[in-house]
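Below is one structure, written out as structure tokens; comments come after it.
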Amino acid sequence: EQSKPLTIYSEKERAFSTALLKAGIVCSEVLIFGEDEQFTLSLVSFGKTDVKRIAAIASELFNLPLIISERIALSKDKFCCILRKKPAFDAAFGIASSTKQGEIAGGDTHSVIRIDERTFMVALSDGMGSGEYAKQVSECTISLLESFYKAKMPSDVVLSTINKLLSFSREETFACVDIAIIHLDYAQADIVKIGSPMGFILSDTTLKILDNSSLPLGILECIHPQTSAYQLQENDVLLFLSDGITSAFHSSTDLCEALSVLARSNPQELADEILNRAIDEYGGISKDDMTVLAVRLFKSAT
């Protein structure tokens, strides 16, 4: 990318510098490069400038929804600000969980992190069993996932590395994992499921089941995880469930029927309702660690 010819936008850069000066913001350098989805604006400014105001001025001037991608301190009173086009989509999250009755710690651990302003990861790890050791295994798995994906390593390398680390343990160390990398520019979810129960994509009129046939991490020395790409639509909900939730229902048909009648506009309310229904199916107690992770995609405000 650094070797590509750089298009010159001298007039636009001068216009932006002038617009900032009129707003009382001084900047010493302005550089515009890239087009359309790759449009990037960087500047060097001074003092305690409101970066949101800079983004608002830039958005109005260039007729593009721009967001602050990075703010880098160069010295005590000098910083570099980088703006990029706002992704077409954004997401809301809902998480509901319950620890197995009688256990202090649970084996379910989840993560929701931004890899960058255009991509985020959601993951659910279920350490086999319950209690403190299952919690440690699950938290270790999630921590490694976060670190490797933030470094933008490919899924097959990430998961094979974590699998080796777990399989080297002297004790039985297994984890079922759901992972989704969601691209906000074009609403695509790259999903990996390893040893985990069924997940779902809930649309207005359909319910898509996400299933897998692989063993949990840590059982075999080598694994070959498959990544499945799913095109999401506005208001679709991605749903990851731990086995404590799915096992509460008598069959997958019962679970699908329960999901089909639930409201989906608020992912937190949806997660809470699924957890409560699963506990009701168990007779009012948590017979296992139980976690629901819901992600709803929606169009970004321009």
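In the structure tokens, the first chain shown is A, the next is B, and so on; residue numbers restart at 1 for each chain, and ligands run from 1 in the order shown.
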At most 12 Å is the cut-off: for each residue in segment 27-94 of chain A with any atom that close to an atom of segment 110-122 of chain A, write down the nearest atom pair and the distance in Å rounded to one decimal, counting only C-alpha atoms, chain first then increasing number, as CSV.
residue,atom,partner,partner_atom,distance
A:Glu37,CA,A:Arg118,CA,10.5
A:Gln38,CA,A:Arg118,CA,11.2
A:Leu66,CA,A:Glu117,CA,11.1
A:Ile67,CA,A:Glu117,CA,8.7
A:Ile68,CA,A:Glu117,CA,8.8
A:Ser69,CA,A:Glu117,CA,6.4
A:Glu70,CA,A:Glu117,CA,9.3
A:Ile82,CA,A:Glu117,CA,11.6
A:Leu83,CA,A:Glu117,CA,10.3
A:Arg84,CA,A:Glu117,CA,8.8
A:Lys85,CA,A:Arg118,CA,9.4
A:Lys86,CA,A:Arg118,CA,8.0
A:Pro87,CA,A:Arg118,CA,6.0
A:Ala88,CA,A:Arg118,CA,9.1
A:Phe89,CA,A:Arg118,CA,8.9
A:Asp90,CA,A:Arg118,CA,9.0
A:Ala91,CA,A:Phe120,CA,9.4
A:Ala92,CA,A:Val112,CA,10.6
A:Phe93,CA,A:Val112,CA,8.4
A:Gly94,CA,A:Val112,CA,10.2
What's around Ser28 of chain A at 9 Å? Count only C-alpha atoms, leave out sequence neighbours fewer than 3 positions away in its own chain, and write the answer as JSON, numbers by chain.
{"A": [17, 43, 44, 45, 46]}
Nearest to Phe298 of chain A among A:Asp185, A:Glu281, A:Glu269, A:Asp243, with distances taken over only C-alpha atoms: which residue is it?
A:Asp185
Interatomic distance, atom CA of Ala105 of chain A to atom CA of Ala175 of chain A (Å, one decimal):
15.7 Å
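Remark: for Gln188 of chain A, the closest of the candidate residues A:Ser155, A:Gln231, A:Ser160, A:Thr7 is A:Gln231 (distances computed over only C-alpha atoms).
Distances to Tyr9 of chain A were evaluated for A:Phe39, A:Cys27, A:Ser242, A:Leu21 using only C-alpha atoms, and the minimum falls at A:Phe39.
Remark: for Gln233 of chain A, the closest of the candidate residues A:Ala278, A:Asp36, A:Asp288, A:Leu297 is A:Leu297 (distances computed over only C-alpha atoms).
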Please, which residues of segment 13-115 of chain A, numbered as in this document, come out strand (DSSP E or B) from DSSP, as number ranges by chain?
A: 27-33, 40-46, 66-75, 78-85, 89-98, 108-115
Which residues are near Met198 of chain A? Cut-off 10 Å, only C-alpha atoms, ignore same chain within fewer than 2 positions. Put them as a list of chain:residue names.
A:Asp178, A:Lys193, A:Gly195, A:Ser196, A:Phe200, A:Ile209, A:Leu210, A:Asp211, A:Asn212, A:Leu239, A:Phe240, A:Leu241, A:Ser242, A:Asp243, A:Thr246, A:Ser252
In Å and to one decimal, atom CA of Phe79 of chain A is distant from atom CA of Ala15 of chain A by 20.5 Å
